[in-house]
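> Sharing final10.cif (mmCIF, C-alpha atoms and all ligand atoms) below.
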```cif
data_final
loop_
_atom_site.label_atom_id
_atom_site.label_comp_id
_atom_site.auth_asym_id
_atom_site.auth_seq_id
_atom_site.Cartn_x
_atom_site.Cartn_y
_atom_site.Cartn_z
CA MET M 255 19.49 0.60 -38.83
CA LYS M 256 20.89 -2.07 -36.53
CA CYS M 257 18.40 -4.78 -35.60
CA TRP M 258 19.30 -4.74 -31.86
CA ILE M 259 18.46 -1.07 -31.61
CA VAL M 260 15.10 -1.66 -33.22
CA ARG M 261 14.40 -4.64 -30.96
CA TYR M 262 15.35 -2.69 -27.86
CA GLY M 263 12.92 0.04 -28.88
CA LEU M 264 10.21 -2.48 -29.73
CA SER M 265 10.56 -4.28 -26.43
CA PHE M 266 10.70 -1.01 -24.55
CA HIS M 267 7.25 0.03 -25.70
CA LEU M 268 5.69 -3.40 -26.05
CA GLU M 269 3.15 -2.70 -23.30
CA ASP M 270 2.15 0.74 -24.47
CA ARG M 271 0.02 -0.64 -27.34
CA ARG M 272 0.79 2.32 -29.48
CA GLU M 273 1.81 2.53 -33.12
CA GLU M 274 5.50 2.12 -33.81
CA PRO M 275 7.44 5.15 -35.03
CA ALA M 276 7.82 5.47 -38.78
CA TRP M 277 11.50 4.43 -38.77
CA VAL M 278 10.65 1.24 -36.86
CA GLU M 279 7.76 0.49 -39.18
CA SER M 280 9.95 0.87 -42.21
CA HIS M 281 12.60 -1.42 -40.68
CA LEU M 282 10.01 -4.06 -39.82
CA ARG M 283 8.72 -4.05 -43.39
CA HIS M 284 12.15 -5.13 -44.62
CA CYS M 285 13.41 -7.30 -41.74
CA GLN M 286 11.79 -10.71 -41.26
CA PRO M 287 13.79 -11.60 -38.04
CA CYS M 288 12.70 -8.38 -36.30
CA ARG M 289 9.05 -9.04 -37.25
CA GLU M 290 9.37 -12.51 -35.74
CA TYR M 291 11.02 -11.06 -32.66
CA LEU M 292 8.16 -8.61 -32.15
CA GLN M 293 5.62 -11.38 -32.68
CA SER M 294 7.36 -13.72 -30.20
CA GLN M 295 7.60 -11.00 -27.54
CA ARG M 296 3.91 -10.22 -27.83
CA GLN M 297 3.07 -13.93 -27.63
CA LEU M 298 5.25 -14.39 -24.60
CA GLY M 299 3.46 -11.54 -22.83
CA ALA M 300 0.06 -12.96 -23.75
CA HIS M 301 1.00 -16.43 -22.48
CA LEU M 302 2.39 -15.02 -19.24
CA ARG M 303 -0.92 -13.22 -18.67
CA ALA M 304 -2.94 -16.30 -19.51
CA GLN M 305 -0.89 -18.65 -17.34
CA ALA M 306 -0.82 -16.29 -14.34
CA ALA M 307 -4.14 -17.81 -13.26
CA SER M 308 -2.32 -21.07 -12.53
CA GLN M 309 -0.16 -19.20 -10.03
CA ARG M 310 -2.94 -17.87 -7.85
CA GLU M 311 -3.15 -18.87 -4.22
CA THR M 312 -5.88 -17.53 -1.98
CA ALA M 313 -5.62 -16.37 1.60
CA PRO M 314 -7.11 -18.76 4.18
CA ALA M 315 -10.86 -18.63 4.81
CA TYR M 316 -10.49 -17.08 8.27
CA PHE M 317 -8.16 -14.38 7.03
CA LYS M 318 -10.57 -11.44 6.80
CA ALA M 319 -11.70 -11.94 10.40
CA ARG M 320 -8.06 -12.15 11.49
CA VAL M 321 -7.18 -8.89 9.74
CA LEU M 322 -10.21 -7.04 11.09
CA HIS M 323 -9.42 -8.24 14.60
CA ALA M 324 -5.86 -6.94 14.24
CA VAL M 325 -7.11 -3.64 12.80
CA SER M 326 -9.65 -3.08 15.58
CA THR M 327 -7.13 -4.07 18.27
CA GLN M 328 -4.61 -1.60 16.89
CA GLU M 329 -7.26 1.11 16.62
CA HIS M 330 -8.41 0.51 20.19
CA ARG M 331 -4.83 0.59 21.47
CA SER M 332 -3.93 3.75 19.56
CA THR M 333 -6.85 5.64 21.08
CA ARG M 334 -6.11 4.35 24.58
CA GLN M 335 -2.34 4.72 24.71
CA LEU M 336 -1.42 8.36 24.92
CA PRO M 337 2.30 8.87 24.44
CA GLY M 338 4.62 10.07 27.17
CA HIS M 339 2.92 8.90 30.40
CA SER M 340 2.34 5.55 32.00
CA TRP M 341 -1.11 4.24 32.89
CA SER M 342 -0.48 4.88 36.57
CA TYR M 343 0.02 8.57 35.78
CA TYR M 344 -3.46 8.76 34.28
CA LEU M 345 -4.86 6.71 37.19
CA SER M 346 -3.45 9.24 39.67
CA ILE M 347 -4.88 12.14 37.71
CA SER M 348 -8.28 10.43 37.55
CA THR M 349 -8.22 9.72 41.29
CA ALA M 350 -7.35 13.32 42.10
CA ALA M 351 -10.20 14.51 39.89
CA ALA M 352 -12.58 12.06 41.59
CA CYS M 353 -11.51 13.37 45.01
CA VAL M 354 -12.25 16.92 44.00
CA VAL M 355 -15.68 15.95 42.66
CA VAL M 356 -16.59 13.92 45.76
CA ALA M 357 -15.33 16.67 48.06
CA GLY M 358 -17.35 19.25 46.12
CA CYS M 359 -20.52 17.17 46.41
CA LEU M 360 -20.04 16.65 50.15
CA LEU M 361 -19.40 20.35 50.65
CA LEU M 362 -22.60 21.29 48.83
CA TRP M 363 -24.46 18.80 50.96
CA GLN M 364 -22.93 20.29 54.13
CA LEU M 365 -23.57 23.96 53.36
CA PRO M 366 -27.27 24.09 54.52
CA ASN M 367 -26.31 22.31 57.76
CA ARG M 368 -23.64 24.89 58.50
CA ALA M 369 -26.24 27.64 58.41
CA GLN M 370 -28.11 25.80 61.17
CA ALA M 371 -24.97 24.94 63.14
CA PRO M 372 -25.82 27.13 66.20
CA GLN M 373 -29.07 25.16 66.63
CA LEU M 374 -27.37 21.73 66.73
CA PRO M 375 -29.10 19.45 69.24
CA PRO M 376 -27.08 18.97 72.43
CA LEU M 377 -26.92 15.24 71.84
CA ASN M 378 -24.69 15.75 68.84
CA ALA M 379 -22.29 18.00 70.73
CA ALA M 380 -22.14 15.53 73.61
CA TRP M 381 -21.45 12.64 71.20
CA LEU M 382 -18.63 14.57 69.54
CA ALA M 383 -17.18 15.54 72.91
CA GLN M 384 -16.99 11.87 73.88
CA GLY M 385 -15.05 10.94 70.75
CA THR M 386 -11.28 10.58 70.69
CA ASN M 387 -10.79 11.83 67.16
CA ARG M 388 -9.72 15.28 66.04
CA LEU M 389 -13.31 16.56 66.15
CA VAL M 390 -13.16 16.23 69.95
CA THR M 391 -13.10 19.94 70.93
CA ILE M 392 -16.10 22.21 70.78
CA ALA M 393 -13.92 24.72 68.93
CA ASN M 394 -13.81 22.34 66.01
CA LEU M 395 -17.58 22.57 65.66
CA GLU M 396 -17.08 26.19 64.70
CA ALA M 397 -13.83 25.67 62.81
CA PRO M 398 -13.26 27.78 59.76
CA LEU M 399 -14.55 26.53 56.43
CA GLU M 400 -11.04 25.59 55.21
CA ARG M 401 -10.49 23.22 58.09
CA GLU M 402 -13.85 21.53 57.68
CA MET M 403 -13.18 21.29 53.99
CA GLN M 404 -9.93 19.48 54.78
CA PHE M 405 -11.80 16.89 56.87
CA VAL M 406 -14.24 16.30 54.03
CA VAL M 407 -11.38 15.78 51.58
CA ASP M 408 -9.62 13.44 54.02
CA ASP M 409 -12.79 11.40 54.45
CA ALA M 410 -13.27 11.21 50.68
CA LYS M 411 -9.66 10.09 50.23
CA THR M 412 -10.01 7.44 52.89
CA ALA M 413 -13.13 6.11 51.24
CA LEU M 414 -11.41 6.04 47.85
CA TYR M 415 -8.34 4.30 49.29
CA ALA M 416 -10.56 1.67 50.81
CA VAL M 417 -12.31 1.07 47.50
CA ALA M 418 -9.04 1.17 45.57
CA ASP M 419 -7.40 -1.32 47.90
CA GLY M 420 -10.13 -3.79 47.15
CA VAL M 421 -10.07 -3.32 43.38
CA LEU M 422 -6.54 -2.46 42.35
CA PRO M 423 -3.33 -4.50 42.69
CA ALA M 424 -1.81 -4.42 46.17
CA GLY M 425 0.83 -1.83 47.02
CA ILE M 426 -0.22 0.84 44.56
CA TRP M 427 -1.90 3.02 47.17
CA SER M 428 0.30 2.36 50.18
CA ALA M 429 2.92 4.91 49.14
CA ALA M 430 0.27 7.57 48.48
CA ARG M 431 -1.35 6.84 51.84
CA GLN M 432 1.96 7.14 53.66
CA THR M 433 2.76 10.51 52.13
CA ASP M 434 -0.68 11.74 53.13
CA ARG M 435 -0.37 10.77 56.77
CA MET Z 67 -2.23 6.47 -21.48
CA MET Z 68 -4.13 6.48 -18.20
CA PRO Z 69 -3.61 3.09 -16.61
CA ALA Z 70 -4.44 4.32 -13.14
CA GLU Z 71 -7.93 5.37 -14.26
CA LYS Z 72 -8.53 1.93 -15.69
CA SER Z 73 -7.52 0.28 -12.44
CA ILE Z 74 -9.77 2.53 -10.40
CA ALA Z 75 -12.67 1.73 -12.68
CA MET Z 76 -12.01 -1.98 -12.00
CA GLU Z 77 -12.12 -1.37 -8.25
CA PRO Z 78 -15.66 -0.36 -7.32
CA LEU Z 79 -14.96 0.21 -3.64
CA GLN Z 80 -12.63 3.10 -2.91
CA PRO Z 81 -11.16 4.00 0.51
CA ALA Z 82 -12.89 7.38 0.40
CA VAL Z 83 -16.11 5.67 1.45
CA VAL Z 84 -14.46 3.70 4.24
CA VAL Z 85 -15.38 5.10 7.64
CA GLY Z 86 -14.72 2.25 10.07
CA VAL Z 87 -13.39 -1.21 10.64
CA GLU Z 88 -16.56 -2.87 9.33
CA SER Z 89 -16.54 -1.14 5.96
CA PHE Z 90 -12.78 -1.65 5.78
CA GLY Z 91 -13.63 -5.35 5.82
CA ALA Z 92 -15.03 -5.04 2.32
CA LEU Z 93 -11.68 -3.67 1.11
CA VAL Z 94 -9.84 -6.50 2.86
CA GLU Z 95 -12.09 -9.05 1.20
CA GLN Z 96 -11.54 -7.43 -2.16
CA HIS Z 97 -7.73 -7.30 -2.02
CA GLN Z 98 -6.50 -9.92 0.45
CA ASP Z 99 -5.98 -12.69 -2.12
CA ARG Z 100 -3.94 -10.51 -4.47
CA ILE Z 101 -1.65 -9.26 -1.73
CA TYR Z 102 -1.27 -12.70 -0.17
CA ASN Z 103 -0.57 -14.28 -3.57
CA PHE Z 104 1.93 -11.56 -4.49
CA LEU Z 105 3.91 -12.32 -1.33
CA ARG Z 106 3.71 -16.05 -2.01
CA ARG Z 107 4.96 -15.47 -5.56
CA MET Z 108 7.86 -13.51 -4.10
CA GLY Z 109 8.86 -16.64 -2.23
CA LEU Z 110 7.46 -16.04 1.24
CA SER Z 111 6.26 -19.03 3.23
CA GLU Z 112 2.54 -19.32 3.93
CA PRO Z 113 2.84 -18.09 7.56
CA ASP Z 114 5.11 -15.19 6.53
CA ALA Z 115 2.77 -14.24 3.68
CA GLU Z 116 -0.19 -14.28 6.08
CA ASP Z 117 1.60 -12.16 8.68
CA ILE Z 118 2.80 -9.58 6.17
CA THR Z 119 -0.57 -9.41 4.42
CA GLN Z 120 -2.13 -8.69 7.81
CA ASP Z 121 0.51 -6.04 8.61
CA THR Z 122 -0.13 -4.49 5.20
CA PHE Z 123 -3.84 -4.02 5.91
CA VAL Z 124 -3.24 -2.75 9.44
CA LYS Z 125 -0.78 -0.15 8.09
CA ALA Z 126 -3.16 0.75 5.28
CA PHE Z 127 -6.05 1.26 7.71
CA ARG Z 128 -3.99 3.52 9.92
CA ALA Z 129 -2.82 5.55 6.92
CA LEU Z 130 -6.14 5.69 5.03
CA ASP Z 131 -6.36 9.46 5.38
CA ARG Z 132 -3.02 9.73 3.59
CA PHE Z 133 -4.10 7.63 0.60
CA GLN Z 134 -4.22 9.72 -2.56
CA PRO Z 135 -6.00 8.04 -5.47
CA VAL Z 136 -3.39 9.07 -8.05
CA TYR Z 137 -2.76 5.34 -8.29
CA SER Z 138 -5.24 2.59 -7.54
CA PHE Z 139 -5.79 1.33 -4.00
CA SER Z 140 -4.30 -2.05 -4.94
CA THR Z 141 -1.11 -0.37 -6.17
CA TRP Z 142 -0.85 1.35 -2.81
CA LEU Z 143 -1.35 -1.97 -1.03
CA PHE Z 144 1.33 -3.66 -3.17
CA THR Z 145 3.71 -0.83 -2.27
CA ILE Z 146 3.04 -1.25 1.46
CA ALA Z 147 3.25 -5.05 1.23
CA ARG Z 148 6.55 -4.98 -0.60
CA ARG Z 149 8.09 -2.47 1.81
CA THR Z 150 6.81 -4.42 4.81
CA ALA Z 151 8.24 -7.65 3.42
CA ALA Z 152 11.57 -5.96 2.65
CA ASN Z 153 11.77 -4.56 6.20
CA HIS Z 154 10.81 -7.93 7.62
CA PHE Z 155 13.62 -9.69 5.78
CA ARG Z 156 16.09 -6.90 6.30
CA ASP Z 157 15.57 -7.29 10.02
CA ARG Z 158 15.90 -11.02 9.67
CA HIS Z 159 18.72 -11.25 7.14
CA ALA Z 160 20.21 -7.75 7.18
CA THR Z 161 19.61 -7.42 3.44
CA GLU Z 162 17.73 -4.79 1.42
CA GLU Z 163 16.49 -7.19 -1.26
CA LEU Z 164 13.56 -9.47 -0.80
CA PRO Z 165 14.80 -12.89 0.32
CA GLU Z 166 17.09 -14.83 -1.98
CA GLU Z 167 14.81 -17.82 -1.56
CA ILE Z 168 12.60 -15.83 -3.92
CA GLY Z 169 12.90 -17.59 -7.23
CA GLY Z 170 14.74 -20.43 -5.58
CA GLU Z 171 11.93 -22.97 -5.76
CA HIS Z 172 13.46 -24.56 -8.85
CA ASP Z 173 16.50 -25.52 -6.79
CA ASP Z 174 14.34 -27.75 -4.64
CA PRO Z 175 14.85 -31.29 -6.06
CA SER Z 176 11.41 -32.36 -4.86
CA GLN Z 177 9.89 -29.53 -6.89
CA ALA Z 178 11.72 -30.65 -10.00
CA LEU Z 179 10.28 -34.14 -9.63
CA VAL Z 180 6.74 -32.84 -9.53
CA LYS Z 181 5.23 -33.15 -12.95
CA GLN Z 182 3.49 -29.85 -13.31
CA ASP Z 183 0.76 -28.97 -15.69
CA GLU Z 184 1.93 -27.39 -18.94
CA SER Z 185 -0.10 -24.29 -18.03
CA GLN Z 186 2.34 -23.60 -15.22
CA ARG Z 187 5.45 -24.05 -17.32
CA LEU Z 188 6.11 -20.42 -18.22
CA TRP Z 189 6.00 -19.13 -14.67
CA ARG Z 190 7.94 -22.13 -13.44
CA GLU Z 191 10.69 -21.28 -15.91
CA ALA Z 192 10.41 -17.61 -14.97
CA LYS Z 193 11.41 -18.60 -11.44
CA LYS Z 194 14.88 -19.17 -12.85
CA LEU Z 195 15.23 -15.44 -13.48
CA LYS Z 196 16.78 -13.15 -10.91
CA PRO Z 197 14.23 -12.30 -8.19
CA ARG Z 198 14.04 -8.63 -9.18
CA LEU Z 199 13.29 -9.57 -12.81
CA TYR Z 200 10.71 -12.14 -11.75
CA GLU Z 201 9.08 -9.51 -9.53
CA VAL Z 202 8.75 -7.01 -12.38
CA LEU Z 203 7.42 -9.73 -14.66
CA TRP Z 204 4.81 -10.76 -12.09
CA LEU Z 205 3.61 -7.24 -11.36
CA GLN Z 206 3.30 -6.57 -15.09
CA TYR Z 207 1.76 -9.81 -16.37
CA GLY Z 208 0.53 -11.51 -13.22
CA GLU Z 209 -1.09 -8.49 -11.59
CA GLY Z 210 -1.68 -6.49 -14.75
CA LEU Z 211 -0.18 -3.30 -13.36
CA SER Z 212 0.89 -0.57 -15.77
CA ILE Z 213 4.53 0.48 -16.18
CA ASP Z 214 3.89 3.51 -13.95
CA GLU Z 215 2.13 1.47 -11.28
CA THR Z 216 4.89 -1.15 -11.26
CA ALA Z 217 7.46 1.63 -10.91
CA ARG Z 218 5.46 3.03 -8.00
CA VAL Z 219 5.35 -0.34 -6.20
CA LEU Z 220 9.09 -0.90 -6.70
CA ASN Z 221 9.91 2.72 -5.86
CA ARG Z 222 11.87 2.90 -9.12
CA SER Z 223 11.59 4.87 -12.34
CA PRO Z 224 9.39 3.75 -15.25
CA LEU Z 225 12.63 3.47 -17.24
CA TYR Z 226 13.94 0.89 -14.76
CA VAL Z 227 10.72 -1.10 -15.22
CA ARG Z 228 10.98 -1.00 -19.01
CA VAL Z 229 14.61 -2.10 -19.00
CA SER Z 230 13.86 -4.87 -16.48
CA LEU Z 231 10.91 -6.11 -18.52
CA HIS Z 232 13.03 -6.15 -21.67
CA ARG Z 233 15.69 -8.21 -19.91
CA ALA Z 234 13.21 -10.51 -18.22
CA ARG Z 235 11.39 -11.36 -21.43
CA ASN Z 236 14.61 -11.93 -23.38
CA GLN Z 237 16.16 -14.09 -20.66
CA LEU Z 238 12.96 -16.08 -20.31
CA ALA Z 239 12.83 -16.60 -24.07
CA LYS Z 240 16.43 -17.85 -23.94
CA ILE Z 241 15.59 -20.29 -21.13
CA LEU Z 242 12.60 -21.59 -23.07
CA ARG Z 243 14.64 -22.01 -26.25
CA ARG Z 244 17.41 -23.85 -24.38
CA ASN Z 245 14.90 -26.19 -22.75
CA SER Z 246 13.18 -26.98 -26.04
CA LEU Z 247 16.45 -27.99 -27.73
ZN ZN T 501 15.95 -6.18 -38.05
#
```
Mind converting the file's structure to structure tokens?

Amino acid sequence: MKCWIVRYGLSFHLEDRREEPAWVESHLRHCQPCREYLQSQRQLGAHLRAQAASQRETAPAYFKARVLHAVSTQEHRSTRQLPGHSWSYYLSISTAAACVVVAGCLLLWQLPNRAQAPQLPPLNAAWLAQGTNRLVTIANLEAPLEREMQFVVDDAKTALYAVADGVLPAGIWSAARQTDR
Amino acid sequence: MMPAEKSIAMEPLQPAVVVGVESFGALVEQHQDRIYNFLRRMGLSEPDAEDITQDTFVKAFRALDRFQPVYSFSTWLFTIARRTAANHFRDRHATEELPEEIGGEHDDPSQALVKQDESQRLWREAKKLKPRLYEVLWLQYGEGLSIDETARVLNRSPLYVRVSLHRARNQLAKILRRNSL
């Protein structure tokens, strides 16, 4: 048996810590250089393991906090950023939903008053008649529900625009307002 | 031969019990030094090693539900770290290998002048090996990974690891013999 074949096989399974095959064992018994080779390879591995400690560097002290900050930032972003639409898309959707909710609340609040509409005090009718807005005619006091509903929605929108103009960056609502009017 | 079981036994905290960022912190604390040091051993600068260690943990956190404990958690982290580093340097240098500066520290004249402790000699000489051989040697003897785990990290076959280890040890032995003459 050629020594290089034996050494290749020895080196190949050096880390497996298993018994050598019979043919390798028999070669080793008769070949001093191969025994020395095996011994030197095992020693080299042992020294590499032992000296690895000298190669250790540790991450900086602040590192864990830095990683956790990055992880939580990424997690926060991944739950907030839904793919496909911009933030303004979601803002519009939210605003529309808010309008519907506000309009619904106002409508519920108005319903009992409508039942008493024929008994409105004259002062109210006179005040409305003096106004220059679209509620000016008496006919509007008995307008169909849809029309009154539209006024309520318009008022809610106006209120929201006013709030939004004060809170959000300028210009965002102007286009929406123009299309409405 | 069940090296993965041994590694799991050495790692008391497993990702299965991780539910949030806070408990993930314990895993970071447990593994950050090994990952950071691995990247430093592969020749990355301190800032690069910090950045890629951080990216490794962020990616691991986001993919925790895909972790399958066939191999140890640290093996998984090494795999992510190595791939992240390779991508990082491929983007930077348009090369698939980890940077050529890996293993190049011996070319630095100032390094050669530094009288290093004898305990660092083996790994210092090992730096003269090709980067891919040094990497296999480090994962095997520096990190104590099994053949299968090393193959997993390198995305290569166990046969590739065995052949590389055989070459690395023999070339290192040659370097040591030449230097002692
Ligand atoms: Zn022989």
> Using all atoms listed in the file, can you tell me which of M:Leu282, M:Val407, M:Leu362, M:Leu268 comes closest to chain Z?
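Among M:Leu282, M:Val407, M:Leu362, M:Leu268, it is M:Leu268 that comes nearest to chain Z.
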> As a quick test: using all atoms listed in the file, which residues lie no more than 12 Å away from ligand ZN 501 (chain T)? Give them as a compact mmCIF listing (two decimals) with C-alpha atoms, keeping the file's coordinate frame.

```txt
# COMPACT_ATOMS: atom_id res chain seq x y z
CA MET M 255 19.49 0.60 -38.83
CA LYS M 256 20.89 -2.07 -36.53
CA CYS M 257 18.40 -4.78 -35.60
CA TRP M 258 19.30 -4.74 -31.86
CA ILE M 259 18.46 -1.07 -31.61
CA VAL M 260 15.10 -1.66 -33.22
CA ARG M 261 14.40 -4.64 -30.96
CA TYR M 262 15.35 -2.69 -27.86
CA GLY M 263 12.92 0.04 -28.88
CA LEU M 264 10.21 -2.48 -29.73
CA TRP M 277 11.50 4.43 -38.77
CA VAL M 278 10.65 1.24 -36.86
CA GLU M 279 7.76 0.49 -39.18
CA SER M 280 9.95 0.87 -42.21
CA HIS M 281 12.60 -1.42 -40.68
CA LEU M 282 10.01 -4.06 -39.82
CA ARG M 283 8.72 -4.05 -43.39
CA HIS M 284 12.15 -5.13 -44.62
CA CYS M 285 13.41 -7.30 -41.74
CA GLN M 286 11.79 -10.71 -41.26
CA PRO M 287 13.79 -11.60 -38.04
CA CYS M 288 12.70 -8.38 -36.30
CA ARG M 289 9.05 -9.04 -37.25
CA GLU M 290 9.37 -12.51 -35.74
CA TYR M 291 11.02 -11.06 -32.66
CA LEU M 292 8.16 -8.61 -32.15
```
> Between atom CA of M:Leu298 and atom CA of Z:Leu195, what is the distance, to one decimal in Å?
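One can read the atom CA of M:Leu298 to atom CA of Z:Leu195 distance as 15.0 Å.
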> Each residue of chain M lying at most 12 Å from chain Z should get a row with its shortest atom-to-atom pair and the distance in Å to one decimal, counting only C-alpha atoms; could you produce that, ordered by chain and increasing number, as a Markdown table?

```
| residue | atom | partner | partner_atom | distance |
| --- | --- | --- | --- | --- |
| M:Arg261 | CA | Z:His232 | CA | 9.5 |
| M:Tyr262 | CA | Z:His232 | CA | 7.5 |
| M:Gly263 | CA | Z:His232 | CA | 9.5 |
| M:Leu264 | CA | Z:His232 | CA | 9.3 |
| M:Ser265 | CA | Z:His232 | CA | 5.7 |
| M:Phe266 | CA | Z:Arg228 | CA | 5.5 |
| M:His267 | CA | Z:Arg228 | CA | 7.7 |
| M:Leu268 | CA | Z:His232 | CA | 9.0 |
| M:Glu269 | CA | Z:Ile213 | CA | 7.9 |
| M:Asp270 | CA | Z:Met67 | CA | 7.8 |
| M:Arg271 | CA | Z:Met67 | CA | 9.5 |
| M:Arg272 | CA | Z:Met67 | CA | 9.5 |
| M:Tyr291 | CA | Z:Asn236 | CA | 10.0 |
| M:Leu292 | CA | Z:Asn236 | CA | 11.4 |
| M:Ser294 | CA | Z:Ala239 | CA | 8.7 |
| M:Gln295 | CA | Z:Arg235 | CA | 7.2 |
| M:Arg296 | CA | Z:Arg235 | CA | 9.9 |
| M:Gln297 | CA | Z:Arg235 | CA | 10.7 |
| M:Leu298 | CA | Z:Arg235 | CA | 7.5 |
| M:Gly299 | CA | Z:Tyr207 | CA | 6.9 |
| M:Ala300 | CA | Z:Tyr207 | CA | 8.2 |
| M:His301 | CA | Z:Leu188 | CA | 7.8 |
| M:Leu302 | CA | Z:Tyr207 | CA | 6.0 |
| M:Arg303 | CA | Z:Tyr207 | CA | 4.9 |
| M:Ala304 | CA | Z:Tyr207 | CA | 8.6 |
| M:Gln305 | CA | Z:Ser185 | CA | 5.7 |
| M:Ala306 | CA | Z:Gly208 | CA | 5.1 |
| M:Ala307 | CA | Z:Gly208 | CA | 7.8 |
| M:Ser308 | CA | Z:Gln186 | CA | 5.9 |
| M:Gln309 | CA | Z:Gln186 | CA | 7.2 |
| M:Arg310 | CA | Z:Asn103 | CA | 6.1 |
| M:Glu311 | CA | Z:Asn103 | CA | 5.3 |
| M:Thr312 | CA | Z:Asp99 | CA | 4.8 |
| M:Ala313 | CA | Z:Asp99 | CA | 5.2 |
| M:Pro314 | CA | Z:Glu116 | CA | 8.5 |
| M:Ala315 | CA | Z:Glu95 | CA | 10.3 |
| M:Tyr316 | CA | Z:Glu95 | CA | 10.8 |
| M:Phe317 | CA | Z:Glu116 | CA | 8.0 |
| M:Lys318 | CA | Z:Glu95 | CA | 6.3 |
| M:Ala319 | CA | Z:Gly91 | CA | 8.3 |
| M:Arg320 | CA | Z:Gln120 | CA | 7.8 |
| M:Val321 | CA | Z:Gln120 | CA | 5.4 |
| M:Leu322 | CA | Z:Gly91 | CA | 6.5 |
| M:His323 | CA | Z:Val87 | CA | 9.0 |
| M:Ala324 | CA | Z:Val124 | CA | 6.9 |
| M:Val325 | CA | Z:Val124 | CA | 5.2 |
| M:Ser326 | CA | Z:Val87 | CA | 6.5 |
| M:Thr327 | CA | Z:Val124 | CA | 9.7 |
| M:Gln328 | CA | Z:Val124 | CA | 7.7 |
| M:Glu329 | CA | Z:Arg128 | CA | 7.8 |
| M:His330 | CA | Z:Val87 | CA | 10.9 |
| M:Arg331 | CA | Z:Arg128 | CA | 11.9 |
| M:Ser332 | CA | Z:Arg128 | CA | 9.6 |
| M:Thr333 | CA | Z:Arg128 | CA | 11.7 |
```
> Please compute the atom CA of Z:Ser140-atom CA of Z:Glu191 distance, one decimal, in Å.
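Going from atom CA of Z:Ser140 over to atom CA of Z:Glu191 covers 26.7 Å.
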> Restricting the calculation to only C-alpha atoms: of Z:Thr141, Z:Ser246, Z:Asn221, Z:Ser111, which residue gets closest to Z:Leu205?
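Answer, going by the shortest atom-to-atom distance: Z:Thr141.
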> Between atom CA of Z:Ala234 and atom CA of Z:Tyr200, what distance in Å does the model show, to one decimal?
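Atom-to-atom, atom CA of Z:Ala234 and atom CA of Z:Tyr200 are spaced 7.1 Å apart.
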> In file coordinates, which residues lie within 7 Å of (-4.4, 2.6, -0.2) using only C-alpha atoms, given as a ChimeraX atom specification?
/Z:81,126,130,133,139-140,142-143
